[in-house]
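S.K.: My structure is in start-v1.tsv, and what it holds is TSV, C-alpha atoms:
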```
chain	number	residue	atom	x	y	z
A	1	MET	CA	-31.69	-22.63	29.18
A	2	LEU	CA	-28.89	-22.30	26.65
A	3	GLN	CA	-29.66	-22.28	22.96
A	4	ARG	CA	-27.17	-23.12	20.29
A	5	ARG	CA	-27.04	-20.54	17.49
A	6	PRO	CA	-25.67	-21.24	14.05
A	7	PRO	CA	-22.42	-19.38	13.25
A	8	GLU	CA	-22.91	-16.03	11.59
A	9	ARG	CA	-22.26	-16.11	7.88
A	10	ARG	CA	-21.25	-13.04	5.97
A	11	LEU	CA	-22.90	-12.72	2.62
A	12	MET	CA	-20.95	-11.38	-0.32
A	13	PRO	CA	-22.89	-9.21	-2.75
A	14	VAL	CA	-23.27	-10.88	-6.15
A	15	ARG	CA	-21.34	-8.14	-7.94
A	16	SER	CA	-18.38	-8.51	-5.54
A	17	ALA	CA	-18.42	-12.27	-6.06
A	18	PHE	CA	-18.24	-11.84	-9.84
A	19	ASP	CA	-15.51	-9.20	-9.53
A	20	TRP	CA	-13.51	-11.58	-7.34
A	21	LEU	CA	-14.15	-14.52	-9.69
A	22	PHE	CA	-12.96	-12.69	-12.79
A	23	GLU	CA	-10.09	-10.78	-11.19
A	24	ASP	CA	-6.82	-10.97	-13.12
A	25	PRO	CA	-4.50	-13.39	-11.22
A	26	TRP	CA	-1.43	-11.74	-12.77
A	27	LEU	CA	-2.01	-8.58	-10.79
A	28	ASP	CA	-0.82	-10.44	-7.68
A	29	GLY	CA	-3.07	-8.52	-5.31
A	30	ARG	CA	-2.08	-5.09	-6.61
A	31	ARG	CA	-4.89	-2.86	-7.81
A	32	TRP	CA	-5.09	-0.81	-10.94
A	33	SER	CA	-6.48	2.67	-10.55
A	34	GLU	CA	-7.03	4.84	-13.57
A	35	GLY	CA	-4.70	2.63	-15.60
A	36	ALA	CA	-1.79	2.90	-13.18
A	37	MET	CA	-0.25	0.38	-10.87
A	38	ALA	CA	1.41	1.31	-7.59
A	39	PRO	CA	4.75	-0.37	-6.91
A	40	SER	CA	5.02	-3.18	-4.36
A	41	ILE	CA	6.81	-1.92	-1.27
A	42	ASP	CA	8.70	-3.49	1.62
A	43	MET	CA	9.60	-1.43	4.69
A	44	ARG	CA	11.95	-2.59	7.41
A	45	GLU	CA	13.41	-1.02	10.52
A	46	THR	CA	17.00	-1.13	11.74
A	47	ASP	CA	18.33	0.35	14.98
A	48	ASP	CA	19.14	3.65	13.24
A	49	SER	CA	16.79	3.93	10.25
A	50	PHE	CA	13.79	2.84	8.22
A	51	VAL	CA	14.50	1.30	4.82
A	52	VAL	CA	11.86	1.35	2.08
A	53	GLU	CA	12.32	-0.83	-1.00
A	54	ALA	CA	9.99	-0.32	-3.96
A	55	GLU	CA	9.81	-2.81	-6.83
A	56	MET	CA	9.60	-0.83	-10.08
A	57	PRO	CA	10.67	-2.94	-13.08
A	58	GLY	CA	10.82	-1.03	-16.34
A	59	VAL	CA	10.78	2.35	-14.59
A	60	LYS	CA	13.58	4.83	-15.22
A	61	PRO	CA	15.09	6.69	-12.24
A	62	ASP	CA	14.53	9.99	-14.09
A	63	ASP	CA	10.78	9.22	-14.20
A	64	THR	CA	10.56	8.77	-10.41
A	65	GLU	CA	10.16	11.39	-7.66
A	66	VAL	CA	10.58	10.79	-3.93
A	67	THR	CA	9.37	13.37	-1.39
A	68	LEU	CA	9.16	13.46	2.39
A	69	ASP	CA	6.57	15.59	4.18
A	70	GLY	CA	6.81	15.13	7.93
A	71	ARG	CA	6.34	11.40	8.49
A	72	THR	CA	4.84	10.75	5.03
A	73	LEU	CA	7.07	9.37	2.27
A	74	VAL	CA	5.62	9.71	-1.24
A	75	ILE	CA	6.96	7.84	-4.28
A	76	ARG	CA	5.50	8.95	-7.62
A	77	GLY	CA	6.39	8.72	-11.25
A	78	GLN	CA	5.53	7.05	-14.51
A	79	TYR	CA	6.24	3.78	-16.24
A	80	GLY	CA	6.10	2.72	-19.86
A	81	GLU	CA	5.77	5.05	-22.80
A	82	GLU	CA	2.80	5.43	-25.14
A	83	THR	CA	4.55	6.49	-28.33
A	84	GLU	CA	3.24	3.95	-30.81
A	85	THR	CA	-0.06	4.72	-32.51
A	86	ASP	CA	-2.50	2.14	-33.83
A	87	GLY	CA	-1.56	1.13	-37.36
A	88	GLU	CA	2.08	2.25	-37.14
A	89	LYS	CA	3.31	-1.31	-36.59
A	90	GLY	CA	0.08	-3.18	-37.15
A	91	ARG	CA	-3.13	-3.75	-35.28
A	92	TYR	CA	-3.00	-5.02	-31.70
A	93	LEU	CA	-4.57	-8.41	-31.13
A	94	MET	CA	-3.62	-8.45	-27.46
A	95	ARG	CA	-2.29	-5.62	-25.33
A	96	GLU	CA	-1.26	-6.28	-21.74
A	97	ARG	CA	1.72	-3.98	-21.23
A	98	ARG	CA	0.59	-0.79	-19.62
A	99	SER	CA	1.85	2.70	-19.15
A	100	GLY	CA	0.76	5.37	-16.77
A	101	THR	CA	1.57	7.22	-13.60
A	102	TYR	CA	1.71	5.99	-10.02
A	103	ALA	CA	1.87	7.45	-6.55
A	104	ARG	CA	2.37	5.64	-3.27
A	105	ALA	CA	2.28	7.29	0.17
A	106	ILE	CA	3.69	5.61	3.26
A	107	THR	CA	3.29	6.89	6.81
A	108	LEU	CA	6.48	6.24	8.75
A	109	PRO	CA	6.15	4.97	12.34
A	110	ALA	CA	8.43	7.70	13.78
A	111	GLU	CA	10.14	10.98	12.93
A	112	VAL	CA	13.17	10.83	10.61
A	113	ASP	CA	16.14	13.12	10.01
A	114	ALA	CA	15.06	14.63	6.67
A	115	ASP	CA	18.52	16.09	5.97
A	116	LYS	CA	20.13	12.63	5.95
A	117	VAL	CA	17.62	10.70	3.79
A	118	SER	CA	19.25	8.92	0.83
A	119	SER	CA	18.01	6.83	-2.08
A	120	SER	CA	19.41	4.57	-4.77
A	121	PHE	CA	17.95	2.87	-7.83
A	122	GLN	CA	19.35	-0.40	-9.15
A	123	ASP	CA	17.91	-3.23	-11.26
A	124	GLY	CA	14.34	-1.91	-11.08
A	125	GLU	CA	14.36	-1.46	-7.31
A	126	LEU	CA	14.28	1.87	-5.51
A	127	THR	CA	15.80	1.87	-2.00
A	128	VAL	CA	15.16	4.82	0.31
A	129	THR	CA	17.05	4.97	3.61
A	130	LEU	CA	15.47	7.24	6.22
A	131	PRO	CA	17.65	7.72	9.34
A	132	LYS	CA	15.61	8.02	12.52
A	133	ALA	CA	15.57	11.35	14.32
A	134	ALA	CA	17.64	11.33	17.51
A	135	GLN	CA	14.56	11.37	19.76
A	136	ALA	CA	13.01	8.42	17.87
A	137	ARG	CA	15.99	6.08	18.27
A	138	SER	CA	15.80	3.44	20.93
A	139	ARG	CA	18.35	3.71	23.71
A	140	ARG	CA	19.61	1.07	26.05
A	141	ILE	CA	18.96	1.97	29.67
A	142	PRO	CA	21.80	0.90	31.99
A	143	ILE	CA	20.70	-1.08	35.02
A	144	SER	CA	22.61	-0.40	38.20
A	145	SER	CA	23.58	-3.25	40.47
A	146	GLY	CA	21.88	-3.69	43.86
A	147	GLY	CA	22.35	-0.99	46.45
A	148	ALA	CA	21.03	-0.23	49.92
A	149	ASP	CA	17.46	0.25	48.66
A	150	ALA	CA	17.44	-2.76	46.36
A	151	ARG	CA	14.89	-5.53	47.00
A	152	PRO	CA	14.43	-8.84	45.25
A	153	VAL	CA	11.57	-8.95	42.78
A	154	GLY	CA	8.37	-10.14	44.41
A	155	SER	CA	9.31	-9.21	47.95
A	156	SER	CA	6.88	-7.15	49.98
A	157	SER	CA	7.80	-3.85	51.55
A	158	SER	CA	6.48	-4.77	55.01
A	159	SER	CA	8.57	-7.09	57.14
A	160	GLY	CA	5.85	-8.30	59.45
A	161	GLY	CA	2.12	-8.46	59.72
A	162	GLY	CA	1.69	-11.47	57.45
A	163	SER	CA	-0.16	-14.54	58.60
A	164	SER	CA	1.92	-17.54	59.56
A	165	GLN	CA	0.99	-21.14	59.15
```
I need this file expressed as structure tokens, please.
M.R.:
Amino acid sequence: MLQRRPPERRLMPVRSAFDWLFEDPWLDGRRWSEGAMAPSIDMRETDDSFVVEAEMPGVKPDDTEVTLDGRTLVIRGQYGEETETDGEKGRYLMRERRSGTYARAITLPAEVDADKVSSSFQDGELTVTLPKAAQARSRRIPISSGGADARPVGSSSSSGGGSSQ
């Protein structure tokens, strides 16, 4: 006899529910850790390279470091400057602009040619171009036309022995 069971429901701990309820909608899914925010990143693949674009408004290129260790790309740096002390220009009533450091590590899907990696920074966006290593590039395999050993797809190798109707 079959019994119908109610669908399984996952319970959310009360603390997680309150954290979710009061989460800042302006963070747009990004998480703050120790006062720092990691940049939003897009990565795309072309035939010859991987291209990583990091959104870093208000960050200076001199305050950013890009390193490559094997297949791991690391973008780190700092944003904003904490130079003003309380009382210098008045007392803060609201303070939402932040400063701090960030680090973001990305594992690349294949080996890259480290000697040919390039980067540029324009209008608050860092673009890193990572050419694929020769062995990681896709190659088109030529298909030869039919020859003496060619058979149509789906044909069997034996010429007889099948049942006839």
S.K.: What is the distance between atom CA of Met56 of chain A and atom CA of Leu126 of chain A, in Å to one decimal?
M.R.: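 Computing it gives 7.1 Å between the two atoms.
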S.K.: Tell me, as a PDB file with C-alpha atoms, in the frame of the given file, which residues lie within 9 Å of Val128 of chain A, counting all atoms listed in the file; anything in the same chain fewer than 4 positions away does not count.
M.R.:
```pdb
ATOM      1  CA  PHE A  50      13.790   2.840   8.220  1.00  0.00           C
ATOM      2  CA  VAL A  51      14.500   1.300   4.820  1.00  0.00           C
ATOM      3  CA  VAL A  52      11.860   1.350   2.080  1.00  0.00           C
ATOM      4  CA  GLU A  53      12.320  -0.830  -1.000  1.00  0.00           C
ATOM      5  CA  ALA A  54       9.990  -0.320  -3.960  1.00  0.00           C
ATOM      6  CA  VAL A  66      10.580  10.790  -3.930  1.00  0.00           C
ATOM      7  CA  VAL A 117      17.620  10.700   3.790  1.00  0.00           C
ATOM      8  CA  SER A 118      19.250   8.920   0.830  1.00  0.00           C
ATOM      9  CA  SER A 119      18.010   6.830  -2.080  1.00  0.00           C
ATOM     10  CA  SER A 120      19.410   4.570  -4.770  1.00  0.00           C
ATOM     11  CA  PHE A 121      17.950   2.870  -7.830  1.00  0.00           C
TER      12      PHE A 121
END
```
S.K.: When you draw a straight line from atom CA of Pro39 of chain A to atom CA of Thr129 of chain A, how long is it in Å?
M.R.: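 According to the coordinates, atom CA of Pro39 of chain A and atom CA of Thr129 of chain A are separated by 17.0 Å.
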S.K.: Give me, please, the distance in Å between atom CA of Leu73 of chain A and atom CA of Thr107 of chain A, quoted to one decimal.
M.R.: 6.4 Å
S.K.: Which one of A:Asp42, A:Tyr79, A:Lys132, A:Asp48 sits closest to Asp62 of chain A if you count all atoms listed in the file?
M.R.: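 When distances to Asp62 of chain A are compared using all atoms listed in the file, the smallest one comes from A:Tyr79.
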S.K.: Taking all atoms listed in the file into account, which of A:Lys60, A:Arg98, A:Arg104, A:Arg71 comes nearest Ser40 of chain A?
M.R.: A:Arg104
S.K.: Would you compute an axis-aligned box for segment 111-117 of chain A, covering every atom listed for it in the file with 3 Å of margin on each side, and report centre and edge lengths in Å to one decimal as AutoDock Vina command-line options?
M.R.:
```
--center_x 15.1 --center_y 13.4 --center_z 8.4 --size_x 16.0 --size_y 11.4 --size_z 15.1
```
S.K.: Between A:Ala114, A:Val59, A:Leu108, A:Ala38, which is the closest to Ile75 of chain A once you count all atoms listed in the file?
M.R.: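 Going through A:Ala114, A:Val59, A:Leu108, A:Ala38 one by one, the smallest distance to Ile75 of chain A is for A:Ala38.
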S.K.: Here's a test: counting all atoms listed in the file, identify every protein, DNA and RNA residue with an atom at most 12 Å from (19.0, 10.9, 17.7) in the file's coordinate frame, and state them as an MDAnalysis selection string.
M.R.: chainID A and resid 47:49 110:113 116 131:139
S.K.: Which of these, A:Lys89, A:Ser145, A:Met43, A:Asp123, has the shortest distance to Ile106 of chain A once you count all atoms listed in the file?
M.R.: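 Smallest distance to Ile106 of chain A is found for A:Met43.
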